[in-house]
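Participant: Dumping the structure here so I can ask a few things about it.
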Amino acid sequence: MEFIGTIFSYVFIGSIIAFFVVRSKNKKGNIKNYKRDKTLIFFTMVVSFILTGIIGIAVNDSNDSQTHHTNHSSTKTVKKENKSFDYSKYKDFNSEFPKSLNSYNENELMTKDVKFTGKVYGLSASSLGYQIILKDTNNHLAYLTSDGKQSGKITSFDSLTVYGSTNGTSKISKNDFNRFDNQIKDNDLGKETILLEPDKIIVHHDTNIN
């Protein structure tokens with residue numbers, strides 16, 4: 001369609017040139033031939049101009065329709081991806097690790113897909129996102145970070161359910177007391193903390209965290 005429009009554009013331009021060429025050559029010659037040629041060229045010029053405009057409108061409508069279809073398809077794809085999260089592969093953390101964390105070796109605490117639910121125990125927020133420590137009902141501690149896009153706003157009064165993979169452990173240090181503005185209790189200094197790489201974070205703004 002665009003190719004045909006280009007051809008008609010050239011025809012229109014050629015008609016204008018031909019009009020002036022014929023006019024220059026024939027205005028002193030045969031008046032009858034001059035009028036005939038002038039009429040034919042003028043007719044060609046008008047028709048090519050109209051067809052160029054019609055084809056241009058059709059091409060624009062086609063491009064707009066294609067863009068709308070592409071955007072609509074992208075939206076559908078995103079919605080489909082949001083619905084395809086596989087919760088079933090994540091095992092409850094306390095079922096997978098019922099004992100205290102120092103009862104397991106480091107290899108046992110690596111790359112396990114788990115579901116960890118706990119209250120926000122330490123929270124540090126910045127323009128880069130959140131650093132979070134959670135404490136569950138068995139007093140297990142978990143450390144994770146979030147850019148905020150996964151979860152939205154998080155406060156120190158919330159509880160979180162985190163679906164993610166384990167990445168070994170760390171220990172609560174004095175630096176953590178400073179980082180989390182003394183939210184952590186003194187008797188947790190040196191305590192083992194599971195490190196989590198979150199795939200999905202659900203924020204509970206109330207006590208219902210079943």
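Residue numbers start at 1 in each chain; chains themselves are named A, B, ... in the order of the structure tokens; ligands are numbered from 1 in the order shown.
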At a cut-off of 7 Å, using only C-alpha atoms, what residues contact segment 153-164 of chain A? Leave out same-chain residues fewer than 3 positions from it and give the result as a list of chain:residue names.

Facilitator: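 The contact residues come out as A:Tyr90, A:Asp113, A:Val114, A:Lys115, A:Phe116, A:Thr117, A:Gly118, A:Lys119, A:Val120, A:Leu123, A:Gly148, A:Leu196, A:Glu197, A:Pro198, A:Asp199, A:Lys200, A:Ile201, A:Ile202, A:Val203, A:His204, A:His205, A:Asp206.
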
Participant: Neighbouring residues of Glu96 of chain A were defined as those with any atom within 9 Å, considering only C-alpha atoms; residues of the same chain fewer than 4 positions away were excluded. Please report them as a PyMOL selection string.

Facilitator: chain A and resi 91-92+112+114

Participant: Work out how far apart atom CA of Lys99 of chain A and atom CA of Thr166 of chain A are and give it in Å to one decimal.

Facilitator: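 Separation between atom CA of Lys99 of chain A and atom CA of Thr166 of chain A: 15.6 Å.
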
Participant: For His140 of chain A, which residue among A:Leu128, A:Ile172, A:Ile194, A:Leu109 is the nearest when counting only C-alpha atoms?

Facilitator: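 Result for the nearest residue to His140 of chain A: A:Ile194.
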
Participant: Which one is closest to Phe180 of chain A: A:Thr111, A:Ser95, A:Ser126, A:Gln131? Count only C-alpha atoms.

Facilitator: A:Gln131

Participant: Write down as a list in words the residues of segment 74-159 of chain A whose backbone DSSP state falls under alpha helix (DSSP H).

Facilitator: Ser74, Thr75, Lys76, Thr77, Val78, Lys79, Lys80, Glu81, Asn82, Lys83, Phe93, Asn94, Ser95 and Glu96 of chain A

Participant: Could the residues in this selection be saved with C-alpha atoms as a PDB file, in the first residue's frame?

Facilitator:
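Listing of again-v3.pdb after writing:
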ATOM      1  CA  SER A  74       1.273  -6.921  25.195  1.00  0.00           C
ATOM      2  CA  THR A  75      -1.285  -6.161  27.912  1.00  0.00           C
ATOM      3  CA  LYS A  76      -2.740  -9.639  27.573  1.00  0.00           C
ATOM      4  CA  THR A  77       0.732 -11.170  27.814  1.00  0.00           C
ATOM      5  CA  VAL A  78       1.518  -9.273  31.036  1.00  0.00           C
ATOM      6  CA  LYS A  79      -1.776 -10.353  32.608  1.00  0.00           C
ATOM      7  CA  LYS A  80      -1.107 -13.943  31.616  1.00  0.00           C
ATOM      8  CA  GLU A  81       2.374 -13.829  33.166  1.00  0.00           C
ATOM      9  CA  ASN A  82       0.958 -12.392  36.415  1.00  0.00           C
ATOM     10  CA  LYS A  83      -1.447 -15.317  36.682  1.00  0.00           C
ATOM     11  CA  PHE A  93       9.864 -22.809  55.624  1.00  0.00           C
ATOM     12  CA  ASN A  94       9.070 -24.350  59.016  1.00  0.00           C
ATOM     13  CA  SER A  95       8.188 -27.668  57.380  1.00  0.00           C
ATOM     14  CA  GLU A  96      11.467 -27.634  55.442  1.00  0.00           C
TER      15      GLU A  96
END

Participant: Give me, as an MDAnalysis selection string, all polymer residues having an atom no more than 12 Å from Asn175 of chain A, counting only C-alpha atoms and skipping those fewer than 6 positions away in the same chain.

Facilitator: chainID A and resid 181:182 184 189:190

Participant: Convert the current residue selection to file output with all heavy atoms, as a JSON list (two decimals), in the first residue's frame.

Facilitator:
[["chain", "number", "residue", "atom", "x", "y", "z"],
["A", 181, "ASP", "N", 18.15, 0.82, 63.01],
["A", 181, "ASP", "CA", 17.77, 1.84, 63.99],
["A", 181, "ASP", "C", 17.32, 1.23, 65.32],
["A", 181, "ASP", "O", 16.29, 1.60, 65.90],
["A", 181, "ASP", "CB", 16.65, 2.71, 63.41],
["A", 181, "ASP", "CG", 16.49, 4.02, 64.17],
["A", 181, "ASP", "OD1", 17.46, 4.45, 64.82],
["A", 181, "ASP", "OD2", 15.39, 4.60, 64.11],
["A", 182, "ASN", "N", 18.10, 0.23, 65.79],
["A", 182, "ASN", "CA", 17.86, -0.38, 67.11],
["A", 182, "ASN", "C", 16.48, -1.03, 67.24],
["A", 182, "ASN", "O", 15.91, -1.09, 68.33],
["A", 182, "ASN", "CB", 18.04, 0.66, 68.22],
["A", 182, "ASN", "CG", 19.46, 1.16, 68.29],
["A", 182, "ASN", "OD1", 20.41, 0.39, 68.19],
["A", 182, "ASN", "ND2", 19.62, 2.46, 68.42],
["A", 184, "ILE", "N", 16.08, -4.18, 66.50],
["A", 184, "ILE", "CA", 16.38, -5.56, 66.87],
["A", 184, "ILE", "C", 16.74, -5.65, 68.34],
["A", 184, "ILE", "O", 17.42, -4.77, 68.88],
["A", 184, "ILE", "CB", 17.55, -6.08, 66.00],
["A", 184, "ILE", "CG1", 17.20, -5.96, 64.52],
["A", 184, "ILE", "CG2", 17.90, -7.52, 66.34],
["A", 184, "ILE", "CD1", 18.37, -6.19, 63.60],
["A", 189, "LEU", "N", 21.63, -10.68, 69.01],
["A", 189, "LEU", "CA", 22.96, -10.45, 68.49],
["A", 189, "LEU", "C", 23.67, -11.79, 68.26],
["A", 189, "LEU", "O", 23.72, -12.64, 69.15],
["A", 189, "LEU", "CB", 23.78, -9.60, 69.47],
["A", 189, "LEU", "CG", 25.21, -9.26, 69.03],
["A", 189, "LEU", "CD1", 25.21, -8.39, 67.78],
["A", 189, "LEU", "CD2", 25.95, -8.56, 70.17],
["A", 190, "GLY", "N", 24.19, -11.98, 67.05],
["A", 190, "GLY", "CA", 24.88, -13.23, 66.70],
["A", 190, "GLY", "C", 23.95, -14.35, 66.26],
["A", 190, "GLY", "O", 24.43, -15.45, 65.94]]

Participant: Enter the distance from atom CA of Gly168 of chain A to atom CA of Leu195 of chain A, in Å, rounded to one decimal.

Facilitator: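 Answer for the atom CA of Gly168 of chain A to atom CA of Leu195 of chain A separation: 5.7 Å.
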
Participant: Atom CA of Gln183 of chain A to atom CA of Ala142 of chain A: how many Å, to one decimal?

Facilitator: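 Those two atoms sit 14.6 Å apart.
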